[in-house]
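Undergrad: Here you go, this is target-v5.cif (mmCIF, C-alpha atoms).
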```cif
data_coords
loop_
_atom_site.label_atom_id
_atom_site.label_comp_id
_atom_site.auth_asym_id
_atom_site.auth_seq_id
_atom_site.Cartn_x
_atom_site.Cartn_y
_atom_site.Cartn_z
CA MET A 1 0.00 0.00 0.00
CA ASN A 2 1.40 3.40 -0.99
CA GLU A 3 2.09 5.83 1.82
CA LYS A 4 -0.21 8.84 1.87
CA THR A 5 1.18 12.27 0.96
CA ASP A 6 1.42 14.89 3.71
CA ILE A 7 0.06 17.53 1.35
CA GLN A 8 -0.32 20.23 4.02
CA ARG A 9 3.43 20.13 4.59
CA LEU A 10 4.07 21.30 1.02
CA LEU A 11 4.99 24.89 0.21
CA PRO A 12 3.01 26.53 -2.64
CA ASP A 13 5.48 25.69 -5.42
CA GLU A 14 5.76 22.09 -4.18
CA LEU A 15 2.00 21.71 -4.04
CA GLU A 16 1.67 23.10 -7.55
CA ALA A 17 4.25 20.61 -8.84
CA LEU A 18 2.29 17.78 -7.19
CA ILE A 19 -1.17 18.77 -8.31
CA THR A 20 -0.24 19.46 -11.95
CA SER A 21 1.50 16.09 -12.33
CA PRO A 22 0.03 12.59 -12.62
CA PRO A 23 -2.03 11.14 -11.10
CA TYR A 24 -3.77 14.46 -10.43
CA SER A 25 -2.93 16.33 -13.68
CA GLN A 26 -4.91 19.40 -12.61
CA PRO A 27 -4.57 23.00 -13.84
CA ARG A 28 -2.22 25.22 -11.85
CA TYR A 29 -4.98 27.32 -10.28
CA ARG A 30 -6.24 24.24 -8.41
CA ALA A 31 -3.06 24.24 -6.32
CA LYS A 32 -3.79 27.74 -4.99
CA GLN A 33 -7.37 26.75 -4.17
CA ILE A 34 -6.23 23.66 -2.30
CA PHE A 35 -3.42 25.46 -0.45
CA SER A 36 -5.70 28.24 0.77
CA LYS A 37 -8.35 25.87 2.07
CA LEU A 38 -5.91 23.40 3.63
CA HIS A 39 -4.33 26.14 5.70
CA ARG A 40 -7.71 27.28 6.96
CA GLY A 41 -8.56 23.80 8.18
CA VAL A 42 -11.03 22.85 5.44
CA ARG A 43 -11.32 19.09 5.00
CA PHE A 44 -10.91 17.61 1.51
CA SER A 45 -14.57 16.59 1.38
CA ASP A 46 -15.64 20.18 2.14
CA MET A 47 -13.61 21.85 -0.64
CA THR A 48 -16.77 22.44 -2.64
CA ASP A 49 -15.10 24.52 -5.36
CA LEU A 50 -13.13 21.42 -6.41
CA PRO A 51 -14.56 18.65 -8.61
CA LEU A 52 -16.03 15.81 -6.58
CA SER A 53 -13.61 13.37 -8.21
CA LEU A 54 -10.60 15.47 -7.13
CA ARG A 55 -11.92 15.73 -3.58
CA ALA A 56 -12.25 11.96 -3.44
CA GLN A 57 -8.77 11.51 -4.89
CA LEU A 58 -7.23 13.88 -2.31
CA GLY A 59 -9.07 12.13 0.51
CA LYS A 60 -7.78 8.76 -0.64
CA MET A 61 -4.17 9.71 -1.40
CA CYS A 62 -3.36 12.47 1.12
CA LEU A 63 -2.82 12.47 4.86
CA ASP A 64 -5.12 14.48 7.13
CA THR A 65 -2.78 15.89 9.80
CA LEU A 66 -5.19 18.27 11.52
CA PRO A 67 -5.21 17.35 15.22
CA THR A 68 -8.35 16.86 17.27
CA VAL A 69 -9.06 18.33 20.69
CA ALA A 70 -8.64 15.53 23.22
CA GLU A 71 -8.94 17.79 26.26
CA LYS A 72 -9.33 21.49 26.86
CA LEU A 73 -8.82 23.51 30.04
CA VAL A 74 -10.18 27.06 30.17
CA SER A 75 -8.98 29.43 32.89
CA SER A 76 -11.70 31.32 34.68
CA ALA A 77 -9.05 33.84 35.74
CA ASP A 78 -8.06 35.22 32.33
CA GLY A 79 -9.51 33.02 29.57
CA THR A 80 -6.23 31.26 28.82
CA VAL A 81 -6.93 27.94 27.06
CA LYS A 82 -4.73 24.87 27.39
CA TYR A 83 -5.25 22.25 24.69
CA LEU A 84 -4.32 18.60 24.66
CA PHE A 85 -4.30 17.76 20.95
CA ARG A 86 -4.46 14.20 19.64
CA LEU A 87 -2.46 13.59 16.46
CA HIS A 88 -3.38 11.25 13.62
CA ASP A 89 -1.19 8.46 15.07
CA GLY A 90 -2.68 8.74 18.59
CA ASN A 91 0.18 10.68 20.18
CA CYS A 92 -0.73 13.79 22.17
CA ILE A 93 0.83 17.26 22.39
CA GLU A 94 -0.08 20.52 24.12
CA SER A 95 -0.69 24.10 23.04
CA VAL A 96 -1.65 27.15 25.09
CA LEU A 97 -3.78 30.01 23.75
CA MET A 98 -3.17 33.31 25.55
CA ARG A 99 -5.10 36.53 25.06
CA TYR A 100 -3.31 39.87 25.20
CA GLU A 101 -4.35 43.41 24.33
CA HIS A 102 -2.07 43.30 21.28
CA GLY A 103 -3.54 40.04 19.97
CA ASN A 104 -3.88 36.33 20.59
CA THR A 105 -0.74 34.24 21.08
CA LEU A 106 -0.45 30.47 20.72
CA CYS A 107 2.37 28.53 22.35
CA VAL A 108 2.99 25.49 20.14
CA SER A 109 4.83 22.19 20.54
CA SER A 110 7.47 21.04 18.06
CA GLN A 111 8.01 17.44 19.21
CA VAL A 112 6.14 14.66 20.97
CA GLY A 113 8.16 14.75 24.19
CA CYS A 114 11.68 16.11 24.45
CA ARG A 115 15.16 14.63 24.88
CA MET A 116 16.90 17.72 26.30
CA GLY A 117 16.47 16.52 29.88
CA CYS A 118 16.01 19.86 31.68
CA ARG A 119 15.48 18.86 35.32
CA PHE A 120 12.65 21.33 36.01
CA CYS A 121 10.57 20.61 32.91
CA ALA A 122 7.54 18.32 32.59
CA SER A 123 7.88 18.00 28.81
CA THR A 124 11.08 15.95 28.97
CA LYS A 125 10.11 13.47 31.70
CA SER A 126 9.23 10.65 29.31
CA GLY A 127 11.84 11.56 26.68
CA ARG A 128 11.33 12.25 23.01
CA VAL A 129 8.87 10.05 21.11
CA ARG A 130 9.17 11.66 17.69
CA ASP A 131 9.42 14.97 15.85
CA LEU A 132 6.36 16.80 14.62
CA SER A 133 6.05 17.54 10.92
CA ALA A 134 5.65 21.14 9.83
CA SER A 135 2.02 20.40 9.01
CA GLU A 136 1.40 19.04 12.51
CA ILE A 137 2.93 22.13 14.14
CA GLU A 138 0.82 24.36 11.93
CA GLY A 139 -2.15 22.11 12.68
CA GLU A 140 -2.00 23.28 16.29
CA VAL A 141 -2.57 26.85 15.11
CA ILE A 142 -5.39 25.92 12.74
CA ALA A 143 -7.14 23.69 15.28
CA ALA A 144 -6.91 26.36 17.99
CA GLU A 145 -8.37 28.98 15.66
CA LEU A 146 -11.21 26.68 14.61
CA ASP A 147 -12.04 25.73 18.20
CA SER A 148 -11.76 29.20 19.73
CA GLY A 149 -13.07 31.28 16.84
CA LEU A 150 -10.14 33.65 17.44
CA ARG A 151 -7.54 34.89 14.99
CA ILE A 152 -4.05 33.95 16.21
CA SER A 153 -1.59 36.72 15.40
CA ASN A 154 1.46 35.68 17.42
CA ILE A 155 3.23 32.35 17.89
CA VAL A 156 5.79 31.24 20.45
CA MET A 157 7.57 27.93 19.88
CA MET A 158 7.94 27.25 23.60
CA GLY A 159 5.72 24.21 24.06
CA ILE A 160 6.72 20.55 24.23
CA GLY A 161 10.02 19.84 22.47
CA GLU A 162 13.14 21.72 21.37
CA PRO A 163 12.46 23.48 18.03
CA LEU A 164 16.12 23.48 16.95
CA ASP A 165 16.31 19.72 17.61
CA ASN A 166 13.64 19.45 14.89
CA PHE A 167 15.34 22.06 12.73
CA ASP A 168 14.15 21.31 9.20
CA GLU A 169 10.49 20.94 10.13
CA THR A 170 10.64 24.05 12.32
CA VAL A 171 11.97 26.09 9.39
CA ARG A 172 9.37 24.61 7.04
CA PHE A 173 6.66 25.50 9.58
CA LEU A 174 7.91 29.09 9.66
CA ARG A 175 7.79 29.30 5.87
CA LEU A 176 4.29 27.77 5.78
CA ILE A 177 2.64 30.06 8.31
CA SER A 178 4.05 33.17 6.66
CA CYS A 179 2.62 32.30 3.20
CA PRO A 180 0.12 35.03 2.19
CA ASP A 181 -2.32 32.42 0.82
CA GLY A 182 -2.18 30.49 4.09
CA LEU A 183 -2.26 31.77 7.66
CA GLY A 184 -0.26 34.85 6.67
CA ILE A 185 1.41 35.32 10.07
CA GLY A 186 4.40 37.64 9.83
CA LEU A 187 7.60 36.10 11.17
CA ARG A 188 8.28 39.20 13.27
CA HIS A 189 5.36 37.93 15.35
CA VAL A 190 7.01 34.55 15.96
CA SER A 191 9.43 33.59 18.74
CA VAL A 192 11.58 30.48 18.47
CA SER A 193 12.81 29.17 21.81
CA THR A 194 15.91 27.08 22.36
CA CYS A 195 17.64 25.59 25.39
CA GLY A 196 20.95 26.43 23.72
CA LEU A 197 21.70 24.30 20.65
CA VAL A 198 24.54 26.42 19.31
CA PRO A 199 24.78 24.91 15.79
CA GLY A 200 21.03 25.42 15.34
CA ILE A 201 21.25 29.07 16.40
CA ARG A 202 23.98 29.72 13.85
CA LYS A 203 22.13 27.85 11.12
CA LEU A 204 18.86 29.70 11.82
CA ALA A 205 20.68 33.05 11.77
CA SER A 206 21.94 32.30 8.25
CA LEU A 207 18.42 31.86 6.82
CA ASP A 208 17.31 35.49 7.04
CA LEU A 209 14.03 34.68 8.80
CA PRO A 210 13.04 37.69 10.97
CA VAL A 211 11.92 35.67 14.00
CA THR A 212 12.74 36.51 17.61
CA LEU A 213 15.18 34.12 19.25
CA SER A 214 14.38 33.25 22.87
CA VAL A 215 17.22 31.54 24.71
CA SER A 216 16.51 29.58 27.88
CA LEU A 217 19.44 30.41 30.16
CA HIS A 218 18.20 29.77 33.74
CA ALA A 219 21.64 30.00 35.38
CA ALA A 220 24.67 32.26 35.29
CA ASP A 221 27.53 29.77 35.60
CA ASP A 222 28.29 26.44 33.98
CA GLY A 223 28.13 24.33 37.13
CA GLU A 224 24.66 25.50 38.09
CA ARG A 225 23.37 25.40 34.52
CA SER A 226 24.69 21.90 33.84
CA ALA A 227 23.00 20.70 37.04
CA ILE A 228 19.57 21.63 35.70
CA MET A 229 20.19 21.70 31.92
CA PRO A 230 22.31 18.83 30.51
CA VAL A 231 22.65 20.67 27.19
CA ASN A 232 25.18 22.89 28.95
CA ASP A 233 27.64 19.97 29.02
CA ALA A 234 27.68 20.15 25.21
CA TYR A 235 27.54 23.93 24.80
CA SER A 236 28.81 26.06 27.69
CA ILE A 237 27.39 29.45 28.60
CA ALA A 238 30.36 31.15 26.91
CA GLU A 239 29.77 29.18 23.68
CA LEU A 240 26.05 29.88 23.83
CA LEU A 241 26.43 33.61 24.39
CA THR A 242 29.03 33.83 21.62
CA ALA A 243 26.44 32.34 19.27
CA CYS A 244 23.87 34.80 20.62
CA ARG A 245 26.19 37.72 19.89
CA GLU A 246 26.70 36.39 16.37
CA TRP A 247 22.92 36.08 16.00
CA PHE A 248 22.45 39.79 16.61
CA LEU A 249 25.36 40.81 14.41
CA THR A 250 23.98 38.64 11.59
CA THR A 251 20.25 39.36 11.91
CA GLY A 252 20.00 42.67 13.76
CA ARG A 253 17.32 41.01 15.92
CA ARG A 254 17.41 41.43 19.69
CA ILE A 255 17.85 38.32 21.83
CA SER A 256 15.32 37.50 24.52
CA PHE A 257 16.82 35.52 27.41
CA GLU A 258 14.44 33.35 29.42
CA TYR A 259 15.27 32.82 33.08
CA THR A 260 13.05 30.62 35.24
CA LEU A 261 13.29 31.53 38.92
CA ILE A 262 13.52 28.45 41.15
CA SER A 263 13.42 28.95 44.91
CA GLY A 264 16.82 28.53 46.56
CA LYS A 265 18.39 27.41 43.28
CA ASN A 266 19.01 30.44 41.07
CA ASP A 267 16.99 33.31 42.55
CA SER A 268 19.33 35.17 44.92
CA ALA A 269 20.55 38.74 44.46
CA GLU A 270 24.05 37.35 43.87
CA ASP A 271 22.62 35.10 41.12
CA ALA A 272 21.17 38.24 39.52
CA ARG A 273 24.51 40.07 39.72
CA ARG A 274 26.31 37.09 38.17
CA LEU A 275 23.73 36.93 35.39
CA ALA A 276 24.18 40.63 34.64
CA ARG A 277 27.97 40.28 34.56
CA VAL A 278 27.98 37.31 32.20
CA LEU A 279 25.46 38.88 29.82
CA ILE A 280 27.20 42.25 29.71
CA SER A 281 30.62 40.63 29.20
CA HIS A 282 29.48 38.57 26.21
CA MET A 283 26.72 40.62 24.61
CA ASN A 284 28.85 43.44 23.29
CA ASP A 285 30.62 44.32 20.06
CA GLY A 286 33.89 46.12 20.58
CA GLY A 287 32.55 47.69 23.77
CA ARG A 288 29.14 48.52 22.26
CA ARG A 289 26.35 46.97 24.34
CA LEU A 290 24.09 44.81 22.18
CA PRO A 291 20.30 44.91 22.63
CA MET A 292 19.00 42.16 24.88
CA HIS A 293 16.22 41.58 27.34
CA VAL A 294 15.66 39.12 30.19
CA ASN A 295 12.24 37.57 30.77
CA LEU A 296 11.94 36.37 34.35
CA ILE A 297 9.57 33.42 34.73
CA PRO A 298 8.39 32.32 38.18
CA TYR A 299 8.60 28.53 38.15
CA ASN A 300 5.49 26.43 37.59
CA ASP A 301 5.74 23.55 40.05
CA VAL A 302 6.15 20.10 38.46
CA ASP A 303 5.64 16.95 40.54
CA GLY A 304 8.77 14.92 41.15
CA THR A 305 11.34 17.63 40.41
CA GLY A 306 11.91 18.80 43.98
CA PHE A 307 11.86 22.41 42.73
CA SER A 308 9.47 25.15 43.83
CA ARG A 309 8.47 28.66 42.83
CA SER A 310 10.37 31.69 44.13
CA ASP A 311 8.27 33.95 46.33
CA LYS A 312 7.21 37.41 45.16
CA ASP A 313 9.88 39.23 47.19
CA ALA A 314 12.66 37.11 45.68
CA VAL A 315 11.32 37.74 42.18
CA ARG A 316 11.13 41.49 42.82
CA ARG A 317 14.67 41.61 44.29
CA PHE A 318 16.06 39.65 41.35
CA ARG A 319 14.54 42.01 38.80
CA GLU A 320 15.63 45.12 40.68
CA THR A 321 19.18 43.78 41.05
CA LEU A 322 19.39 42.99 37.33
CA GLU A 323 18.19 46.44 36.34
CA ALA A 324 20.51 48.13 38.84
CA SER A 325 23.33 46.21 37.14
CA GLY A 326 22.33 47.55 33.72
CA VAL A 327 20.23 44.72 32.29
CA THR A 328 16.58 45.34 31.40
CA ALA A 329 14.18 42.71 32.70
CA THR A 330 10.49 42.04 33.04
CA VAL A 331 8.58 39.44 35.03
CA ARG A 332 6.35 37.40 32.77
CA ARG A 333 2.73 37.67 33.78
CA ARG A 334 1.43 34.30 34.87
CA LEU A 335 -1.50 33.36 32.66
CA GLY A 336 -3.87 30.50 33.36
CA PRO A 337 -2.83 30.08 37.02
CA ASP A 338 -5.77 27.79 37.72
CA ILE A 339 -5.03 25.43 34.81
CA ASN A 340 -1.25 25.10 35.33
CA ALA A 341 -0.61 26.45 31.84
CA ALA A 342 3.04 25.35 31.59
CA CYS A 343 3.40 22.71 28.88
CA GLY A 344 3.91 19.00 29.45
CA GLN A 345 1.82 18.17 32.48
CA LEU A 346 -1.51 17.61 30.75
CA ARG A 347 0.13 15.16 28.34
CA ILE A 348 1.74 13.26 31.24
CA ASN A 349 -1.58 13.06 33.08
CA ALA A 350 -3.33 11.81 29.94
CA ALA A 351 -0.69 9.12 29.44
CA ARG A 352 -1.36 7.80 32.94
CA LYS A 353 -5.04 7.34 32.17
CA GLU A 354 -6.84 5.12 29.73
CA PRO A 355 -6.35 6.41 26.16
CA VAL A 356 -8.72 9.22 25.25
CA GLN A 357 -11.23 8.35 22.54
CA SER A 358 -9.79 9.35 19.19
CA HIS A 359 -12.67 11.66 18.29
CA GLY A 360 -13.80 12.60 21.78
CA ASN A 361 -13.58 16.26 22.79
CA THR A 362 -13.51 17.06 26.49
CA GLU A 363 -13.74 20.58 27.86
CA ARG A 364 -13.08 21.43 31.48
CA THR A 365 -13.29 24.94 32.83
CA LYS A 366 -11.03 25.21 35.84
CA GLY A 367 -11.68 27.52 38.76
CA ALA A 368 -15.33 28.15 37.82
CA LYS A 369 -17.83 28.24 40.65
#
```
Once you've parsed the file, please lay out its structure as structure tokens.
TA:
Amino acid sequence: MNEKTDIQRLLPDELEALITSPPYSQPRYRAKQIFSKLHRGVRFSDMTDLPLSLRAQLGKMCLDTLPTVAEKLVSSADGTVKYLFRLHDGNCIESVLMRYEHGNTLCVSSQVGCRMGCRFCASTKSGRVRDLSASEIEGEVIAAELDSGLRISNIVMMGIGEPLDNFDETVRFLRLISCPDGLGIGLRHVSVSTCGLVPGIRKLASLDLPVTLSVSLHAADDGERSAIMPVNDAYSIAELLTACREWFLTTGRRISFEYTLISGKNDSAEDARRLARVLISHMNDGGRRLPMHVNLIPYNDVDGTGFSRSDKDAVRRFRETLEASGVTATVRRRLGPDINAACGQLRINAARKEPVQSHGNTERTKGAK
């Protein structure tokens, strides 16, 4: 039996080449029709401007990668929505829809599980199962829009998985979502997060894609960082920050450094001073300070890690110490506090239960009276 084509993964020129060749042998304009509808979540059978025979052919020969909603948590505090999506092969991933004044942001996953092994993270506890295809990553966006009725204008690749460990599909995803005939999301509205895969940072910088790079740092010296982030054994802080400096010099795009505050682990005033020193010493060009920003993230507790959230006073002191040392910082507003909106935990809980019905949609509103 021939393997089905993942048609939604194809860029416009690739789709045109497919649809104008045997066995389809369709006129070129059909490719644009199909592309536009695919990337709005229209099923093959519902593409009513296509001949019935072509719809049947697409349904028979092409893969449907649009995920289904297996579970959905809605925060009564701020409307944040946490999705557990079921993929076509039964695996599950998570996405989080966040509403801001400037638009709606979706945090997407790039892998089923993760092999980076960060000690504080729920996503990596069961390791990496497989990479997501570009169409599956985009499917999270489409499915969230269809379910919520909201237009998603911003994307952060900070969900389950390490985007630069799935480099080719991440780049293809970026090219797909920015196609004018598809979702049309400008890449300046996309953040790509990494735990510090130096070769991937350099490779991404060379592609001239105007995304924001978000680097998960979480410690200011190699010993402490290696203790919670094994990737640091491969790429030290000095190597990582050298790549970050090169990123800015190549792209002109400011780096965003992510720093999760863990009580008693990395949240002291001295930790903040060390962080400022290491950033200032590396993020400069011949003495010229390069633009950078630190996002401080109070830790979301994960069972079994032994880590806990820093209290409000420690978070405030850390930010004030950073800024007094010359580094701008903000504390990320905690969205969805009643649904534990950090990625990974809903998938773990689902895996412990009986498998969710493939086409069953469950919605739970947390914190509602």
Undergrad: For this structure, which residues satisfy the selection - the PyMOL selection byres ((chain A and resi 80-95) around 6) - when it is evaluated on the file as given? I want them as a PyMOL selection string.
TA: chain A and resi 67-75+78-79+96-98+107-108+336
Undergrad: Within 7 Å of segment 193-217 of chain A, which residues of segment 67-182 of chain A come that close, and what is the closest atom pair and distance in Å for each? Count only C-alpha atoms and give it as a tab-separated table.
TA:
```
residue	atom	partner	partner_atom	distance
A:Met157	CA	A:Ser193	CA	5.7
A:Met158	CA	A:Ser193	CA	5.5
A:Glu162	CA	A:Thr194	CA	6.1
A:Pro163	CA	A:Thr194	CA	6.6
A:Leu164	CA	A:Gly200	CA	5.5
```
Undergrad: Only C-alpha atoms, please: the residues just picked out, written as a PDB file, in the frame of the given file.
TA:
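As written to disk, part_0.pdb reads:
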```pdb
ATOM      1  CA  MET A 157       7.570  27.930  19.880  1.00  0.00           C
ATOM      2  CA  MET A 158       7.940  27.250  23.600  1.00  0.00           C
ATOM      3  CA  GLU A 162      13.140  21.720  21.370  1.00  0.00           C
ATOM      4  CA  PRO A 163      12.460  23.480  18.030  1.00  0.00           C
ATOM      5  CA  LEU A 164      16.120  23.480  16.950  1.00  0.00           C
TER       6      LEU A 164
END
```
Undergrad: From the list A:Arg172, A:Arg115, A:His282, A:Lys4, which residue is nearest Lys60 of chain A when using all atoms listed in the file?
TA: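 Once distances to Lys60 of chain A are computed over all atoms listed in the file, the minimum belongs to A:Lys4.
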Undergrad: From (24.4, 37.7, 34.6), in the file's coordinates, out to 10 Å: which residues are reached, counting only C-alpha atoms? Answer as a PyMOL selection string.
TA: chain A and resi 217+219-221+270-282+294+322+325+327
Undergrad: Please indicate the distance in Å from atom CA of Asn232 of chain A to atom CA of His218 of chain A, rounded to one decimal place.
TA: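 One can read the atom CA of Asn232 of chain A to atom CA of His218 of chain A distance as 10.9 Å.
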Undergrad: Pick out the residues sitting within 9 Å of Asp222 of chain A, and hand them over as a list in words; count all atoms listed in the file, and ignore anything fewer than 5 positions along from it in its own chain.
TA: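 Once the nearby chain positions are removed, what remains is Ala227, Asn232, Asp233, Ser236, Ile237 and Ala238 of chain A.
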Undergrad: List as a CSV table (one decimal) with C-alpha atoms, in the frame of the given file: which residues have an atom within 12 Å of (3.3, 17.1, 1.9), counting only C-alpha atoms?
TA:
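Result file follows (result.csv):
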```
chain,number,residue,atom,x,y,z
A,3,GLU,CA,2.1,5.8,1.8
A,4,LYS,CA,-0.2,8.8,1.9
A,5,THR,CA,1.2,12.3,1.0
A,6,ASP,CA,1.4,14.9,3.7
A,7,ILE,CA,0.1,17.5,1.4
A,8,GLN,CA,-0.3,20.2,4.0
A,9,ARG,CA,3.4,20.1,4.6
A,10,LEU,CA,4.1,21.3,1.0
A,11,LEU,CA,5.0,24.9,0.2
A,12,PRO,CA,3.0,26.5,-2.6
A,13,ASP,CA,5.5,25.7,-5.4
A,14,GLU,CA,5.8,22.1,-4.2
A,15,LEU,CA,2.0,21.7,-4.0
A,16,GLU,CA,1.7,23.1,-7.6
A,17,ALA,CA,4.2,20.6,-8.8
A,18,LEU,CA,2.3,17.8,-7.2
A,19,ILE,CA,-1.2,18.8,-8.3
A,35,PHE,CA,-3.4,25.5,-0.4
A,38,LEU,CA,-5.9,23.4,3.6
A,58,LEU,CA,-7.2,13.9,-2.3
A,61,MET,CA,-4.2,9.7,-1.4
A,62,CYS,CA,-3.4,12.5,1.1
A,63,LEU,CA,-2.8,12.5,4.9
A,64,ASP,CA,-5.1,14.5,7.1
A,65,THR,CA,-2.8,15.9,9.8
A,133,SER,CA,6.0,17.5,10.9
A,134,ALA,CA,5.6,21.1,9.8
A,135,SER,CA,2.0,20.4,9.0
A,136,GLU,CA,1.4,19.0,12.5
A,169,GLU,CA,10.5,20.9,10.1
A,172,ARG,CA,9.4,24.6,7.0
A,173,PHE,CA,6.7,25.5,9.6
A,176,LEU,CA,4.3,27.8,5.8
```
Undergrad: Pick out the closest residue to Ile185 of chain A from this set: A:Ser153, A:Ser263, A:Ser226, A:Thr242. Count only C-alpha atoms.
TA: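 When distances to Ile185 of chain A are compared using only C-alpha atoms, the smallest one comes from A:Ser153.
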Undergrad: Evaluated on this file, the PyMOL selection byres ((chain A and resi 41-49) around 10) picks out some residues - which ones are they, written as an NGL selection string?
TA: :A and (8 or 30 or 33-40 or 50-52 or 54-60 or 62 or 64-66 or 139 or 141-143 or 145-146)
Undergrad: With distances taken over only C-alpha atoms, which residue among A:Met292, A:Ile262, A:Met229, A:Leu106 lies nearest Cys244 of chain A?
TA: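 Smallest separation from Cys244 of chain A among the options: A:Met292.
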